[in-house]
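Source file: query.cif (mmCIF, C-alpha atoms)
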data_entry
#
loop_
_atom_site.group_PDB
_atom_site.id
_atom_site.type_symbol
_atom_site.label_atom_id
_atom_site.label_comp_id
_atom_site.auth_asym_id
_atom_site.auth_seq_id
_atom_site.Cartn_x
_atom_site.Cartn_y
_atom_site.Cartn_z
ATOM 1 C CA ASN A 2 5.804 5.202 0.241
ATOM 2 C CA VAL A 3 3.191 3.197 -1.611
ATOM 3 C CA TYR A 4 4.034 -0.291 -2.814
ATOM 4 C CA LEU A 5 2.291 -2.576 -5.254
ATOM 5 C CA VAL A 6 3.262 -6.119 -4.301
ATOM 6 C CA TYR A 7 2.749 -8.665 -7.089
ATOM 7 C CA ARG A 8 3.757 -12.327 -7.258
ATOM 8 C CA ARG A 9 4.609 -12.368 -10.963
ATOM 9 C CA SER A 10 6.713 -10.089 -13.149
ATOM 10 C CA GLU A 11 5.459 -6.885 -14.710
ATOM 11 C CA LYS A 12 5.110 -8.732 -18.031
ATOM 12 C CA GLU A 13 2.525 -11.129 -16.539
ATOM 13 C CA MET A 14 0.623 -8.380 -14.742
ATOM 14 C CA PRO A 15 -3.036 -8.249 -15.844
ATOM 15 C CA ALA A 16 -2.952 -4.502 -16.449
ATOM 16 C CA ARG A 17 -2.580 -2.286 -19.479
ATOM 17 C CA VAL A 18 0.862 -0.812 -20.178
ATOM 18 C CA GLU A 19 -0.459 2.714 -19.681
ATOM 19 C CA GLU A 20 -1.931 1.747 -16.289
ATOM 20 C CA VAL A 21 1.460 0.574 -15.096
ATOM 21 C CA HIS A 22 3.096 3.680 -16.551
ATOM 22 C CA HIS A 23 0.633 6.016 -14.819
ATOM 23 C CA ALA A 24 0.932 4.157 -11.515
ATOM 24 C CA LYS A 25 4.709 4.610 -11.644
ATOM 25 C CA GLN A 26 4.248 8.293 -12.486
ATOM 26 C CA GLU A 27 2.100 8.571 -9.340
ATOM 27 C CA GLY A 28 5.072 7.263 -7.349
ATOM 28 C CA ILE A 29 3.899 3.685 -6.803
ATOM 29 C CA GLU A 30 6.897 1.417 -6.183
ATOM 30 C CA PHE A 31 6.441 -1.972 -7.857
ATOM 31 C CA ARG A 32 7.592 -4.937 -5.765
ATOM 32 C CA ILE A 33 7.386 -7.713 -8.325
ATOM 33 C CA LEU A 34 7.997 -11.426 -7.760
ATOM 34 C CA GLN A 35 6.860 -10.989 -4.166
ATOM 35 C CA SER A 36 3.665 -11.943 -2.407
ATOM 36 C CA PRO A 37 2.237 -11.059 0.993
ATOM 37 C CA ARG A 38 1.832 -13.970 3.414
ATOM 38 C CA ARG A 39 0.305 -12.114 6.323
ATOM 39 C CA VAL A 40 -0.265 -8.636 7.677
ATOM 40 C CA LEU A 41 1.683 -7.868 10.844
ATOM 41 C CA GLY A 42 0.373 -5.659 13.599
ATOM 42 C CA ASN A 43 1.078 -4.393 17.061
ATOM 43 C CA GLU A 44 -0.841 -4.996 20.293
ATOM 44 C CA ASP A 45 -3.103 -2.016 19.497
ATOM 45 C CA GLY A 46 -4.202 -3.618 16.233
ATOM 46 C CA HIS A 47 -2.283 -1.202 14.016
ATOM 47 C CA VAL A 48 -0.506 -2.483 10.916
ATOM 48 C CA THR A 49 3.284 -2.563 11.231
ATOM 49 C CA GLY A 50 4.201 -4.395 8.039
ATOM 50 C CA ILE A 51 3.591 -7.279 5.710
ATOM 51 C CA GLU A 52 5.420 -10.572 5.886
ATOM 52 C CA SER A 53 6.196 -11.448 2.279
ATOM 53 C CA LEU A 54 7.855 -14.155 0.258
ATOM 54 C CA ARG A 55 9.979 -13.866 -2.880
ATOM 55 C CA TYR A 56 9.104 -15.811 -6.042
ATOM 56 C CA GLU A 57 10.579 -16.898 -9.334
ATOM 57 C CA LEU A 58 8.618 -17.753 -12.458
ATOM 58 C CA GLY A 59 7.961 -21.333 -13.455
ATOM 59 C CA GLU A 60 5.993 -22.802 -16.336
ATOM 60 C CA PRO A 61 2.858 -21.052 -17.688
ATOM 61 C CA ASP A 62 -0.447 -21.777 -15.955
ATOM 62 C CA ASP A 63 -3.890 -22.191 -17.564
ATOM 63 C CA SER A 64 -4.083 -18.434 -18.226
ATOM 64 C CA GLY A 65 -0.812 -18.551 -20.195
ATOM 65 C CA ARG A 66 1.061 -16.495 -17.613
ATOM 66 C CA ARG A 67 4.150 -18.009 -16.032
ATOM 67 C CA ARG A 68 3.317 -19.533 -12.681
ATOM 68 C CA PRO A 69 4.937 -17.963 -9.584
ATOM 69 C CA VAL A 70 7.042 -20.442 -7.600
ATOM 70 C CA PRO A 71 8.038 -19.534 -4.024
ATOM 71 C CA ILE A 72 11.734 -19.335 -3.230
ATOM 72 C CA LYS A 73 12.531 -21.293 -0.063
ATOM 73 C CA ALA A 74 13.632 -19.290 2.973
ATOM 74 C CA SER A 75 13.065 -15.955 1.196
ATOM 75 C CA GLU A 76 10.676 -14.464 3.733
ATOM 76 C CA PHE A 77 11.079 -10.785 4.570
ATOM 77 C CA VAL A 78 9.074 -7.970 6.125
ATOM 78 C CA LEU A 79 7.964 -4.933 4.168
ATOM 79 C CA GLU A 80 7.381 -2.282 6.831
ATOM 80 C CA GLY A 81 4.305 -0.096 6.575
ATOM 81 C CA ASP A 82 1.338 1.267 8.467
ATOM 82 C CA VAL A 83 -1.513 0.501 6.041
ATOM 83 C CA ALA A 84 -2.311 -2.601 4.005
ATOM 84 C CA ILE A 85 -4.909 -2.520 1.238
ATOM 85 C CA PRO A 86 -5.734 -5.885 -0.306
ATOM 86 C CA ALA A 87 -6.546 -5.465 -3.989
ATOM 87 C CA ILE A 88 -7.232 -8.946 -5.272
ATOM 88 C CA GLY A 89 -9.944 -9.824 -7.747
ATOM 89 C CA THR A 90 -12.880 -7.854 -8.997
ATOM 90 C CA ARG A 91 -15.704 -8.983 -6.723
ATOM 91 C CA ALA A 92 -16.479 -8.780 -3.061
ATOM 92 C CA ASN A 93 -15.001 -11.770 -1.275
ATOM 93 C CA PRO A 94 -17.955 -14.090 -0.567
ATOM 94 C CA LEU A 95 -16.678 -14.599 2.979
ATOM 95 C CA LEU A 96 -16.787 -10.834 3.514
ATOM 96 C CA THR A 97 -20.341 -10.465 2.252
ATOM 97 C CA GLN A 98 -21.598 -13.619 4.015
ATOM 98 C CA THR A 99 -20.170 -12.660 7.402
ATOM 99 C CA THR A 100 -21.051 -8.963 7.218
ATOM 100 C CA PRO A 101 -24.802 -8.832 6.572
ATOM 101 C CA GLU A 102 -24.970 -5.122 7.438
ATOM 102 C CA LEU A 103 -22.793 -4.393 4.383
ATOM 103 C CA LYS A 104 -25.234 -3.372 1.653
ATOM 104 C CA LEU A 105 -24.663 -4.699 -1.846
ATOM 105 C CA ASN A 106 -26.242 -3.622 -5.117
ATOM 106 C CA LYS A 107 -28.111 -5.984 -7.450
ATOM 107 C CA TRP A 108 -24.799 -7.038 -9.083
ATOM 108 C CA GLY A 109 -23.240 -8.000 -5.744
ATOM 109 C CA TYR A 110 -20.931 -4.988 -5.477
ATOM 110 C CA ILE A 111 -20.606 -2.932 -2.297
ATOM 111 C CA GLU A 112 -22.768 0.198 -2.148
ATOM 112 C CA ILE A 113 -21.074 3.436 -1.075
ATOM 113 C CA ASP A 114 -22.157 7.018 -0.509
ATOM 114 C CA GLU A 115 -20.673 10.085 -2.214
ATOM 115 C CA ASN A 116 -17.703 9.966 0.195
ATOM 116 C CA GLY A 117 -16.916 6.281 -0.389
ATOM 117 C CA MET A 118 -18.399 5.125 2.923
ATOM 118 C CA THR A 119 -20.270 1.821 2.964
ATOM 119 C CA SER A 120 -23.446 1.100 4.921
ATOM 120 C CA ILE A 121 -21.185 0.471 7.929
ATOM 121 C CA PRO A 122 -20.137 3.791 9.501
ATOM 122 C CA GLY A 123 -16.371 4.295 9.232
ATOM 123 C CA VAL A 124 -15.880 1.535 6.639
ATOM 124 C CA PHE A 125 -14.944 2.738 3.161
ATOM 125 C CA ALA A 126 -14.598 0.989 -0.198
ATOM 126 C CA GLY A 127 -13.647 1.803 -3.751
ATOM 127 C CA GLY A 128 -12.475 0.300 -7.008
ATOM 128 C CA ASP A 129 -13.574 -3.014 -8.462
ATOM 129 C CA ILE A 130 -15.416 -4.090 -5.313
ATOM 130 C CA VAL A 131 -17.728 -1.089 -5.826
ATOM 131 C CA ARG A 132 -17.959 -0.598 -9.591
ATOM 132 C CA GLY A 133 -16.920 -3.939 -11.054
ATOM 133 C CA ALA A 134 -13.859 -4.703 -13.139
ATOM 134 C CA ALA A 135 -12.193 -1.556 -14.433
ATOM 135 C CA THR A 136 -8.741 -0.061 -14.858
ATOM 136 C CA VAL A 137 -6.057 0.360 -12.234
ATOM 137 C CA ILE A 138 -6.241 4.118 -12.808
ATOM 138 C CA LEU A 139 -9.941 4.176 -11.885
ATOM 139 C CA ALA A 140 -9.184 2.071 -8.808
ATOM 140 C CA MET A 141 -6.398 4.474 -7.832
ATOM 141 C CA GLY A 142 -8.790 7.393 -8.266
ATOM 142 C CA ALA A 143 -11.341 5.609 -6.081
ATOM 143 C CA GLY A 144 -8.609 5.065 -3.493
ATOM 144 C CA LYS A 145 -7.758 8.761 -3.463
ATOM 145 C CA ALA A 146 -11.452 9.691 -3.187
ATOM 146 C CA ALA A 147 -11.939 7.199 -0.346
ATOM 147 C CA ALA A 148 -8.839 8.586 1.411
ATOM 148 C CA THR A 149 -10.405 12.044 1.298
ATOM 149 C CA GLY A 150 -13.662 10.615 2.662
ATOM 150 C CA ILE A 151 -11.809 8.773 5.412
ATOM 151 C CA ASP A 152 -9.861 11.906 6.358
ATOM 152 C CA THR A 153 -13.072 13.946 6.535
ATOM 153 C CA TYR A 154 -14.833 11.242 8.546
ATOM 154 C CA LEU A 155 -11.992 10.931 11.066
ATOM 155 C CA ARG A 156 -11.654 14.680 11.449
ATOM 156 C CA GLU A 157 -15.376 14.949 12.150
ATOM 157 C CA GLN A 158 -15.167 12.118 14.705
ATOM 158 C CA VAL A 159 -12.377 13.753 16.695
ATOM 159 C CA GLN A 160 -13.043 17.310 15.512
ATOM 160 C CA VAL A 161 -9.477 17.969 14.395
ATOM 161 C CA PRO A 162 -9.117 21.240 12.480
ATOM 162 C CA ARG A 163 -7.347 21.191 9.121
ATOM 163 C CA ARG A 164 -3.951 22.827 8.989
ATOM 164 C CA ARG A 165 -3.873 26.072 7.068
ATOM 165 C CA ALA A 166 -1.830 24.572 4.197
ATOM 166 C CA GLU A 167 -4.368 21.749 3.739
ATOM 167 C CA SER A 168 -7.337 24.086 3.412
ATOM 168 C CA ALA A 169 -5.664 26.456 0.945
#

Before we go any further, please render this structure as structure tokens.
Amino acid sequence: NVYLVYRRSEKEMPARVEEVHHAKQEGIEFRILQSPRRVLGNEDGHVTGIESLRYELGEPDDSGRRRPVPIKASEFVLEGDVAIPAIGTRANPLLTQTTPELKLNKWGYIEIDENGMTSIPGVFAGGDIVRGAATVILAMGAGKAAATGIDTYLREQVQVPRRRAESA
């Protein structure tokens, strides 16, 4: 399952109606009025879930959208094995300042090759952090392309053959 976790309601979501519609058609399950607090992992460093908190909407903020207000003692764990932060439209300055080997273009976006791999072998990127602000659909497409690149990269690293059904 793929979840989109968002701290406001669908009405306040900064996305076009057709983007939300298409995401749902792709099978994305919207978890609204929830927000991740931290990613959980096991001793091997693998993701096991996301600790989240439930919200209700308060008064509008400066953007005009109703402000999310945390509900006390509403913590829960959303189990999963991958977490993809998708916040904002620029590379996090902390990321780019602490990872000098990560090449950026003249606009400050992460450079990738044709497979979505960054200048760091085995590290992939896509969406707004690569192309700048765009639609959710383009970001989803970049995610699918990066997933293909990641799969190819991992298979080459461990030389795992594709199953017959995958190569057909």

For this session: Take atom CA of A:Glu60 and atom CA of A:Leu79 and report the distance between them in Å, one decimal.
Result: 27.3 Å

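Interatomic distance, atom CA of A:Ile113 to atom CA of A:Ala147: 9.9 Å.
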
For this session: Determine the residue membership of the PyMOL selection byres ((chain A and resi 77) around 7) for the file above and supply it as a PyMOL selection string.
Result: chain A and resi 52-54+75-76+78-79

Excluding A:Ser36 and any residue of its chain fewer than 2 positions from it, enumerate the residues within 12 Å of it, using only C-alpha atoms, and give them as a PDB file with C-alpha atoms, in the frame of the given file.
ATOM      1  CA  TYR A   4       4.034  -0.291  -2.814  1.00  0.00           C
ATOM      2  CA  LEU A   5       2.291  -2.576  -5.254  1.00  0.00           C
ATOM      3  CA  VAL A   6       3.262  -6.119  -4.301  1.00  0.00           C
ATOM      4  CA  TYR A   7       2.749  -8.665  -7.089  1.00  0.00           C
ATOM      5  CA  ARG A   8       3.757 -12.327  -7.258  1.00  0.00           C
ATOM      6  CA  ARG A   9       4.609 -12.368 -10.963  1.00  0.00           C
ATOM      7  CA  SER A  10       6.713 -10.089 -13.149  1.00  0.00           C
ATOM      8  CA  PHE A  31       6.441  -1.972  -7.857  1.00  0.00           C
ATOM      9  CA  ARG A  32       7.592  -4.937  -5.765  1.00  0.00           C
ATOM     10  CA  ILE A  33       7.386  -7.713  -8.325  1.00  0.00           C
ATOM     11  CA  LEU A  34       7.997 -11.426  -7.760  1.00  0.00           C
ATOM     12  CA  ARG A  38       1.832 -13.970   3.414  1.00  0.00           C
ATOM     13  CA  ARG A  39       0.305 -12.114   6.323  1.00  0.00           C
ATOM     14  CA  VAL A  40      -0.265  -8.636   7.677  1.00  0.00           C
ATOM     15  CA  ILE A  51       3.591  -7.279   5.710  1.00  0.00           C
ATOM     16  CA  GLU A  52       5.420 -10.572   5.886  1.00  0.00           C
ATOM     17  CA  SER A  53       6.196 -11.448   2.279  1.00  0.00           C
ATOM     18  CA  LEU A  54       7.855 -14.155   0.258  1.00  0.00           C
ATOM     19  CA  ARG A  55       9.979 -13.866  -2.880  1.00  0.00           C
ATOM     20  CA  TYR A  56       9.104 -15.811  -6.042  1.00  0.00           C
ATOM     21  CA  GLU A  57      10.579 -16.898  -9.334  1.00  0.00           C
ATOM     22  CA  PRO A  69       4.937 -17.963  -9.584  1.00  0.00           C
ATOM     23  CA  VAL A  70       7.042 -20.442  -7.600  1.00  0.00           C
ATOM     24  CA  PRO A  71       8.038 -19.534  -4.024  1.00  0.00           C
ATOM     25  CA  ILE A  72      11.734 -19.335  -3.230  1.00  0.00           C
ATOM     26  CA  SER A  75      13.065 -15.955   1.196  1.00  0.00           C
ATOM     27  CA  GLU A  76      10.676 -14.464   3.733  1.00  0.00           C
ATOM     28  CA  PHE A  77      11.079 -10.785   4.570  1.00  0.00           C
ATOM     29  CA  VAL A  78       9.074  -7.970   6.125  1.00  0.00           C
ATOM     30  CA  LEU A  79       7.964  -4.933   4.168  1.00  0.00           C
ATOM     31  CA  PRO A  86      -5.734  -5.885  -0.306  1.00  0.00           C
ATOM     32  CA  ILE A  88      -7.232  -8.946  -5.272  1.00  0.00           C
TER      33      ILE A  88
END

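Among A:Ile121, A:Ile111, A:Ala126, A:Leu155, the residue with the shortest atom-to-atom distance to A:Thr97, counting all atoms listed in the file, is A:Ile111.
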
Apply the PyMOL selection byres ((chain A and resi 115) around 10) to the file shown and report the selected residues as a PDB file with C-alpha atoms, in the frame of the given file.
ATOM      1  CA  ILE A 113     -21.074   3.436  -1.075  1.00  0.00           C
ATOM      2  CA  ASP A 114     -22.157   7.018  -0.509  1.00  0.00           C
ATOM      3  CA  ASN A 116     -17.703   9.966   0.195  1.00  0.00           C
ATOM      4  CA  GLY A 117     -16.916   6.281  -0.389  1.00  0.00           C
ATOM      5  CA  MET A 118     -18.399   5.125   2.923  1.00  0.00           C
ATOM      6  CA  THR A 119     -20.270   1.821   2.964  1.00  0.00           C
ATOM      7  CA  ALA A 146     -11.452   9.691  -3.187  1.00  0.00           C
ATOM      8  CA  ALA A 147     -11.939   7.199  -0.346  1.00  0.00           C
ATOM      9  CA  GLY A 150     -13.662  10.615   2.662  1.00  0.00           C
TER      10      GLY A 150
END

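If you look at atom CA of A:Arg66 and atom CA of A:Lys12, they are 8.8 Å away from each other.
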
Residues within 8 Å of stretch 18-22 of chain A, please, as a CSV table (one decimal) with C-alpha atoms, keeping the file's coordinate frame. Count all atoms listed in the file; anything in the same chain fewer than 5 positions from it doesn't count.
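And here is the file that came out, part_32.csv:
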chain,number,residue,atom,x,y,z
A,136,THR,CA,-8.7,-0.1,-14.9
A,137,VAL,CA,-6.1,0.4,-12.2
A,138,ILE,CA,-6.2,4.1,-12.8

For this session: To verify the selection step, state as a ChimeraX atom specification which residues the PyMOL selection byres ((chain A and resi 106) around 12) yields on this input.
Result: /A:91-92,97,103-105,107-113,119-120,130-133

Problem set entry | Which of A:Ser64, A:Ile151, A:Pro15, A:Gln160 sits closest to A:Pro122 [using all atoms listed in the file] | A:Ile151

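The shortest atom-to-atom distance to A:Val48, with all atoms listed in the file taken into account, belongs to A:Gly81 out of A:Gly81, A:Gly65, A:Gly28, A:Pro101.
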